[in-house]
>>> print(open('upload.csv').read())   # CSV, C-alpha atoms
chain,number,residue,atom,x,y,z
A,1,MET,CA,40.7,79.9,27.3
A,2,ASN,CA,38.8,81.1,24.2
A,3,PRO,CA,39.3,78.5,21.4
A,4,LEU,CA,40.6,81.1,19.0
A,5,VAL,CA,43.1,82.4,21.6
A,6,ALA,CA,44.1,78.8,22.4
A,7,ARG,CA,44.7,78.2,18.7
A,8,VAL,CA,46.9,81.3,18.3
A,9,MET,CA,48.9,80.4,21.4
A,10,SER,CA,49.4,76.9,20.1
A,11,THR,CA,50.7,78.3,16.8
A,12,VAL,CA,53.1,80.6,18.7
A,13,ALA,CA,54.4,77.7,20.8
A,14,GLY,CA,54.9,75.6,17.7
A,15,GLN,CA,56.8,78.3,15.9
A,16,LEU,CA,59.1,78.9,18.9
A,17,GLY,CA,60.0,75.2,19.0
A,18,HIS,CA,60.4,74.8,15.2
A,19,PRO,CA,60.3,78.1,13.2
A,20,ARG,CA,59.1,77.6,9.6
A,21,GLY,CA,57.5,79.3,6.7
A,22,LEU,CA,56.8,83.0,6.4
A,23,LEU,CA,55.8,83.3,10.1
A,24,GLY,CA,59.0,81.5,11.0
A,25,ARG,CA,61.1,84.2,9.4
A,26,GLY,CA,59.7,86.7,11.7
A,27,VAL,CA,60.0,84.4,14.7
A,28,GLY,CA,63.7,84.1,13.9
A,29,ARG,CA,64.2,87.8,14.3
A,30,VAL,CA,62.1,87.8,17.5
A,31,LEU,CA,64.2,85.0,18.9
A,32,ASP,CA,67.4,87.0,18.3
A,33,ARG,CA,66.1,90.0,20.2
A,34,ALA,CA,64.3,88.2,23.0
A,35,ASN,CA,67.0,85.7,23.7
A,36,ARG,CA,70.1,87.8,23.2
A,37,SER,CA,70.9,88.5,26.8
A,38,LEU,CA,70.5,84.9,27.8
A,39,ILE,CA,72.6,83.8,24.8
A,40,GLU,CA,75.3,86.3,25.7
A,41,ALA,CA,75.4,85.0,29.3
A,42,SER,CA,75.6,81.4,28.0
A,43,VAL,CA,78.6,82.2,25.7
A,44,LEU,CA,80.3,83.8,28.7
A,45,GLY,CA,79.5,80.8,30.9
A,46,ALA,CA,81.0,78.5,28.2
A,47,GLU,CA,84.3,80.3,28.5
A,48,VAL,CA,84.9,80.0,24.7
A,49,ALA,CA,88.6,80.4,23.9
A,50,ARG,CA,90.3,81.7,20.8
A,51,GLY,CA,90.9,78.8,18.3
A,52,ALA,CA,88.3,76.6,20.0
A,53,ALA,CA,85.7,74.4,18.5
A,54,ALA,CA,82.3,75.6,19.7
A,55,ALA,CA,78.6,75.0,18.9
A,56,ASP,CA,75.2,76.6,19.2
A,57,ILE,CA,72.6,73.8,19.3
A,58,GLY,CA,69.2,75.0,18.2
A,59,PHE,CA,70.6,78.4,17.1
A,60,GLY,CA,67.3,79.8,15.9
A,61,GLY,CA,67.8,83.3,14.5
A,62,GLY,CA,71.6,82.9,14.6
A,63,VAL,CA,72.7,85.6,17.1
A,64,GLY,CA,74.6,82.9,19.0
A,65,LEU,CA,76.5,81.9,15.9
A,66,SER,CA,77.8,85.5,15.6
A,67,LEU,CA,78.8,85.7,19.2
A,68,LEU,CA,80.7,82.4,19.0
A,69,LEU,CA,82.4,83.3,15.8
A,70,ASP,CA,83.7,86.5,17.5
A,71,ARG,CA,85.0,84.4,20.5
A,72,VAL,CA,86.8,81.7,18.6
A,73,GLY,CA,88.5,84.1,16.2
A,74,GLU,CA,89.9,83.3,12.8
A,75,ASN,CA,91.5,80.0,13.8
A,76,GLY,CA,88.4,78.6,15.6
A,77,THR,CA,85.4,76.7,14.3
A,78,VAL,CA,81.7,77.1,15.1
A,79,HIS,CA,79.1,74.4,14.5
A,80,GLY,CA,75.5,75.5,14.2
A,81,VAL,CA,73.0,72.6,14.7
A,82,GLU,CA,69.3,73.3,14.0
A,83,LEU,CA,66.2,71.3,13.5
A,84,SER,CA,64.4,73.9,11.4
A,85,ARG,CA,65.3,73.9,7.8
A,86,ASP,CA,64.1,77.4,7.4
A,87,MET,CA,66.5,78.6,10.1
A,88,LEU,CA,69.3,76.6,8.5
A,89,ALA,CA,68.6,78.4,5.1
A,90,ARG,CA,68.5,81.7,6.9
A,91,ALA,CA,71.9,81.0,8.5
A,92,LYS,CA,73.4,79.9,5.2
A,93,SER,CA,72.3,83.2,3.6
A,94,ARG,CA,73.4,85.3,6.5
A,95,PHE,CA,76.9,83.7,7.0
A,96,THR,CA,77.9,83.0,3.5
A,97,ARG,CA,81.5,84.2,4.0
A,98,GLU,CA,82.1,82.3,7.3
A,99,ILE,CA,80.7,79.1,5.8
A,100,GLY,CA,82.9,79.6,2.7
A,101,THR,CA,86.0,79.9,4.7
A,102,GLY,CA,85.2,76.9,6.9
A,103,ARG,CA,84.9,78.8,10.1
A,104,LEU,CA,81.2,78.0,10.4
A,105,ARG,CA,79.4,74.7,9.7
A,106,VAL,CA,75.6,74.6,9.8
A,107,LEU,CA,74.1,71.2,10.2
A,108,GLU,CA,70.6,69.7,10.5
A,109,GLY,CA,70.1,67.9,13.7
A,110,SER,CA,68.5,67.8,17.1
A,111,LEU,CA,69.6,67.7,20.7
A,112,THR,CA,69.0,63.9,20.9
A,113,GLU,CA,70.9,63.2,17.6
A,114,LEU,CA,73.8,65.6,17.3
A,115,PRO,CA,75.6,65.4,13.9
A,116,LEU,CA,78.9,65.8,15.6
A,117,ALA,CA,81.8,63.4,16.4
A,118,ASP,CA,82.7,62.2,19.8
A,119,ALA,CA,84.9,64.6,21.8
A,120,SER,CA,84.8,67.2,19.0
A,121,LEU,CA,83.9,70.4,20.9
A,122,ASP,CA,85.6,72.6,23.5
A,123,ALA,CA,82.3,74.4,24.2
A,124,ALA,CA,78.6,74.3,23.4
A,125,ILE,CA,75.5,76.3,24.2
A,126,THR,CA,71.9,75.6,23.8
A,127,VAL,CA,69.4,78.3,24.8
A,128,ASN,CA,65.6,77.9,25.3
A,129,THR,CA,65.6,74.6,23.6
A,130,VAL,CA,65.1,71.9,26.2
A,131,TYR,CA,61.4,72.8,26.6
A,132,PHE,CA,60.8,71.0,23.3
A,133,VAL,CA,62.8,67.8,24.2
A,134,ALA,CA,60.9,64.7,25.4
A,135,GLU,CA,64.1,62.6,26.1
A,136,LEU,CA,66.1,64.9,28.4
A,137,ASP,CA,68.5,62.2,29.6
A,138,ARG,CA,69.3,61.3,26.0
A,139,ALA,CA,69.9,64.9,25.1
A,140,CYS,CA,72.3,65.4,28.0
A,141,ALA,CA,74.1,62.2,27.1
A,142,GLU,CA,74.6,63.6,23.6
A,143,LEU,CA,75.9,66.9,24.9
A,144,ALA,CA,78.4,65.0,27.1
A,145,ARG,CA,79.4,62.8,24.2
A,146,VAL,CA,80.5,65.6,21.9
A,147,LEU,CA,82.6,67.4,24.6
A,148,ARG,CA,86.3,67.1,24.9
A,149,PRO,CA,87.9,66.6,28.3
A,150,GLN,CA,87.4,69.9,30.3
A,151,GLY,CA,84.9,71.0,27.7
A,152,ARG,CA,81.9,73.0,28.8
A,153,VAL,CA,78.2,73.0,27.8
A,154,VAL,CA,75.7,75.6,28.9
A,155,ILE,CA,72.0,75.1,28.9
A,156,GLY,CA,70.2,78.4,29.2
A,157,ILE,CA,66.5,78.6,30.2
A,158,GLY,CA,64.0,81.0,31.4
A,159,ASP,CA,62.9,80.6,35.0
A,160,PRO,CA,60.3,77.7,35.0
A,161,ASP,CA,58.0,79.4,37.5
A,162,ALA,CA,58.0,82.7,35.7
A,163,MET,CA,57.4,81.0,32.3
A,164,THR,CA,54.2,79.3,33.6
A,165,GLU,CA,52.7,82.8,33.5
A,166,LEU,CA,53.2,83.1,29.8
A,167,PRO,CA,50.1,82.2,27.8
A,168,PHE,CA,51.8,80.0,25.2
A,169,THR,CA,53.9,77.8,27.4
A,170,ALA,CA,50.8,75.6,28.2
A,171,HIS,CA,50.9,74.4,24.6
A,172,GLY,CA,53.7,71.8,24.3
A,173,PHE,CA,56.4,73.3,26.5
A,174,ARG,CA,58.1,71.1,29.1
A,175,LEU,CA,59.0,73.5,31.9
A,176,ARG,CA,61.3,71.3,33.9
A,177,PRO,CA,62.6,72.4,37.4
A,178,VAL,CA,66.3,73.4,37.5
A,179,ALA,CA,67.0,70.4,39.7
A,180,GLU,CA,65.8,68.0,37.0
A,181,LEU,CA,68.1,69.5,34.4
A,182,THR,CA,71.0,69.4,36.9
A,183,THR,CA,70.4,65.7,37.6
A,184,ALA,CA,70.2,64.9,33.9
A,185,LEU,CA,73.6,66.5,33.2
A,186,GLU,CA,75.2,64.8,36.2
A,187,THR,CA,73.8,61.5,35.1
A,188,ALA,CA,75.5,62.1,31.8
A,189,GLY,CA,78.8,62.4,33.7
A,190,LEU,CA,79.2,66.2,33.9
A,191,THR,CA,80.0,68.3,36.8
A,192,VAL,CA,77.3,71.0,37.0
A,193,GLU,CA,77.4,74.7,38.1
A,194,HIS,CA,74.1,76.6,38.4
A,195,ARG,CA,74.0,80.3,37.9
A,196,LEU,CA,70.9,82.4,38.5
A,197,LEU,CA,70.4,85.4,36.2
A,198,ASP,CA,68.2,87.9,38.1
A,199,ARG,CA,67.1,90.0,35.2
A,200,LYS,CA,63.9,91.6,34.0
A,201,PRO,CA,61.3,90.8,32.8
A,202,MET,CA,62.3,87.1,32.8
A,203,PRO,CA,64.8,85.7,35.3
A,204,GLY,CA,67.0,83.0,33.7
A,205,HIS,CA,69.2,80.1,34.7
A,206,LEU,CA,72.4,78.7,33.3
A,207,LEU,CA,73.3,75.1,33.9
A,208,ILE,CA,77.0,74.7,33.1
A,209,GLY,CA,78.2,71.2,32.7
A,210,THR,CA,82.0,70.4,32.5
A,211,ARG,CA,83.4,67.1,31.3
A,212,ALA,CA,86.1,65.6,33.6
A,213,GLY,CA,89.5,64.7,32.3
A,214,GLN,CA,92.7,66.4,31.2
A,215,SER,CA,92.5,68.3,27.9
A,216,LYS,CA,94.9,67.3,25.1
A,217,ARG,CA,96.4,70.8,25.1
A,218,THR,CA,97.2,70.6,28.8
A,219,ALA,CA,98.5,67.1,28.5
A,220,ASP,CA,100.9,68.2,25.7
A,221,GLU,CA,102.1,71.1,27.8
>>> encode(input="upload.csv", output="structure tokens")
Amino acid sequence: MNPLVARVMSTVAGQLGHPRGLLGRGVGRVLDRANRSLIEASVLGAEVARGAAAADIGFGGGVGLSLLLDRVGENGTVHGVELSRDMLARAKSRFTREIGTGRLRVLEGSLTELPLADASLDAAITVNTVYFVAELDRACAELARVLRPQGRVVIGIGDPDAMTELPFTAHGFRLRPVAELTTALETAGLTVEHRLLDRKPMPGHLLIGTRAGQSKRTADE
């Protein structure tokens, strides 16, 4: 690859993993458009109920926060966890009202160190984020830790084989097989369902992990 092209692709890959600066603002908007269908499918897969506590981990441009806020309604709570301080600032500006009423909390953190209490979520999504995580088992253990009994977490990814054809994924992306993600979630104690999203131009996969146990709401009933 031409050195100049390689440098551009490396910059693109770095921004996708951690949007920042003036370029990062544009990346946030691109992420919203490019990832929307996969985020929508992830929210559906999470089966987010009215009044639930839900999270979008690595929310990027913030479209997932909007979708989750719609799902949980006025009595629910959404937690947005993001590593990029620029994306955190963007979300704070965009969702001033929701943050002010307490319906939305935006927090700095990563998949391997979630700033959330044990068993605090009914549902969580994380879309196109695991490519940038070195410690996959630790990330999946964190996702399992914050789920309540019967809680669901959805990992959304592009098809690994198809993504190898993209020029920027050679620069820092970890394109793990679906089987590896499934095993990591199962090792963390979750029951896993795999859904293939046969869509154009990029097929996708949802790995839906469910934590065993009886929910407090069901137990009380």
>>> residues_around(input="upload.csv", residues="Asp198 of chain A", least_positions_apart="2", cutoff="12 Å", atoms="only C-alpha atoms", output="list in words")
Ser37, Leu38, Ala41, Gly158, Asp159, Ala162, Arg195, Leu196, Lys200, Pro201, Met202, Pro203, Gly204, His205 and Leu206 of chain A
>>> atom_distance(input="upload.csv", atom1="atom CA of Leu175 of chain A", atom2="atom CA of Tyr131 of chain A")
5.9 Å
>>> residues_around(input="upload.csv", residues="Gly189 of chain A", least_positions_apart="5", cutoff="10 Å", atoms="only C-alpha atoms", output="PyMOL selection string")
chain A and resi 140-141+144-145+183-184+209-212
>>> residues_around(input="upload.csv", residues="Val133 of chain A", least_positions_apart="5", cutoff="8 Å", atoms="only C-alpha atoms", output="PDB file with C-alpha atoms, keeping the file's coordinate frame")
ATOM      1  CA  LEU A 111      69.600  67.700  20.700  1.00  0.00           C
ATOM      2  CA  ALA A 139      69.900  64.900  25.100  1.00  0.00           C
ATOM      3  CA  ARG A 174      58.100  71.100  29.100  1.00  0.00           C
TER       4      ARG A 174
END
>>> atom_distance(input="upload.csv", atom1="atom CA of Ala188 of chain A", atom2="atom CA of Glu40 of chain A")
25.0 Å
>>> atom_distance(input="upload.csv", atom1="atom CA of Leu68 of chain A", atom2="atom CA of Val43 of chain A")
7.0 Å
>>> closest_atom_pairs(input="upload.csv", of="segment 92-181 of chain A", to="segment 72-81 of chain A", cutoff="12 Å", atoms="all atoms listed in the file", output="tab-separated table")
residue	atom	partner	partner_atom	distance
A:Lys92	CA	A:Gly80	CA	10.2
A:Phe95	CA	A:Gly80	CA	11.0
A:Glu98	CA	A:Val78	CA	9.4
A:Ile99	CA	A:Val78	CA	9.6
A:Thr101	CA	A:Glu74	CA	9.6
A:Gly102	CA	A:Thr77	CA	7.4
A:Arg103	CA	A:Thr77	CA	4.7
A:Leu104	CA	A:Val78	CA	4.8
A:Arg105	CA	A:His79	CA	4.8
A:Val106	CA	A:Gly80	CA	4.5
A:Leu107	CA	A:Val81	CA	4.8
A:Glu108	CA	A:Val81	CA	5.6
A:Gly109	CA	A:Val81	CA	5.6
A:Ser110	CA	A:Val81	CA	7.0
A:Leu111	CA	A:Val81	CA	8.5
A:Thr112	CA	A:Val81	CA	11.4
A:Glu113	CA	A:Val81	CA	10.1
A:Leu114	CA	A:Val81	CA	7.5
A:Pro115	CA	A:Val81	CA	7.7
A:Leu116	CA	A:His79	CA	8.7
A:Ala117	CA	A:His79	CA	11.5
A:Ser120	CA	A:His79	CA	10.2
A:Leu121	CA	A:His79	CA	8.9
A:Asp122	CA	A:Thr77	CA	10.1
A:Ala123	CA	A:Val78	CA	9.5
A:Ala124	CA	A:His79	CA	8.9
A:Ile125	CA	A:Gly80	CA	10.0
A:Thr126	CA	A:Val81	CA	9.6
A:Thr129	CA	A:Val81	CA	11.7
A:Val146	CA	A:His79	CA	11.6
>>> closest_residue(input="upload.csv", among="A:Gly156, A:Gly213, A:Gly64, A:Gly58", to="Arg36 of chain A", atoms="all atoms listed in the file")
A:Gly64
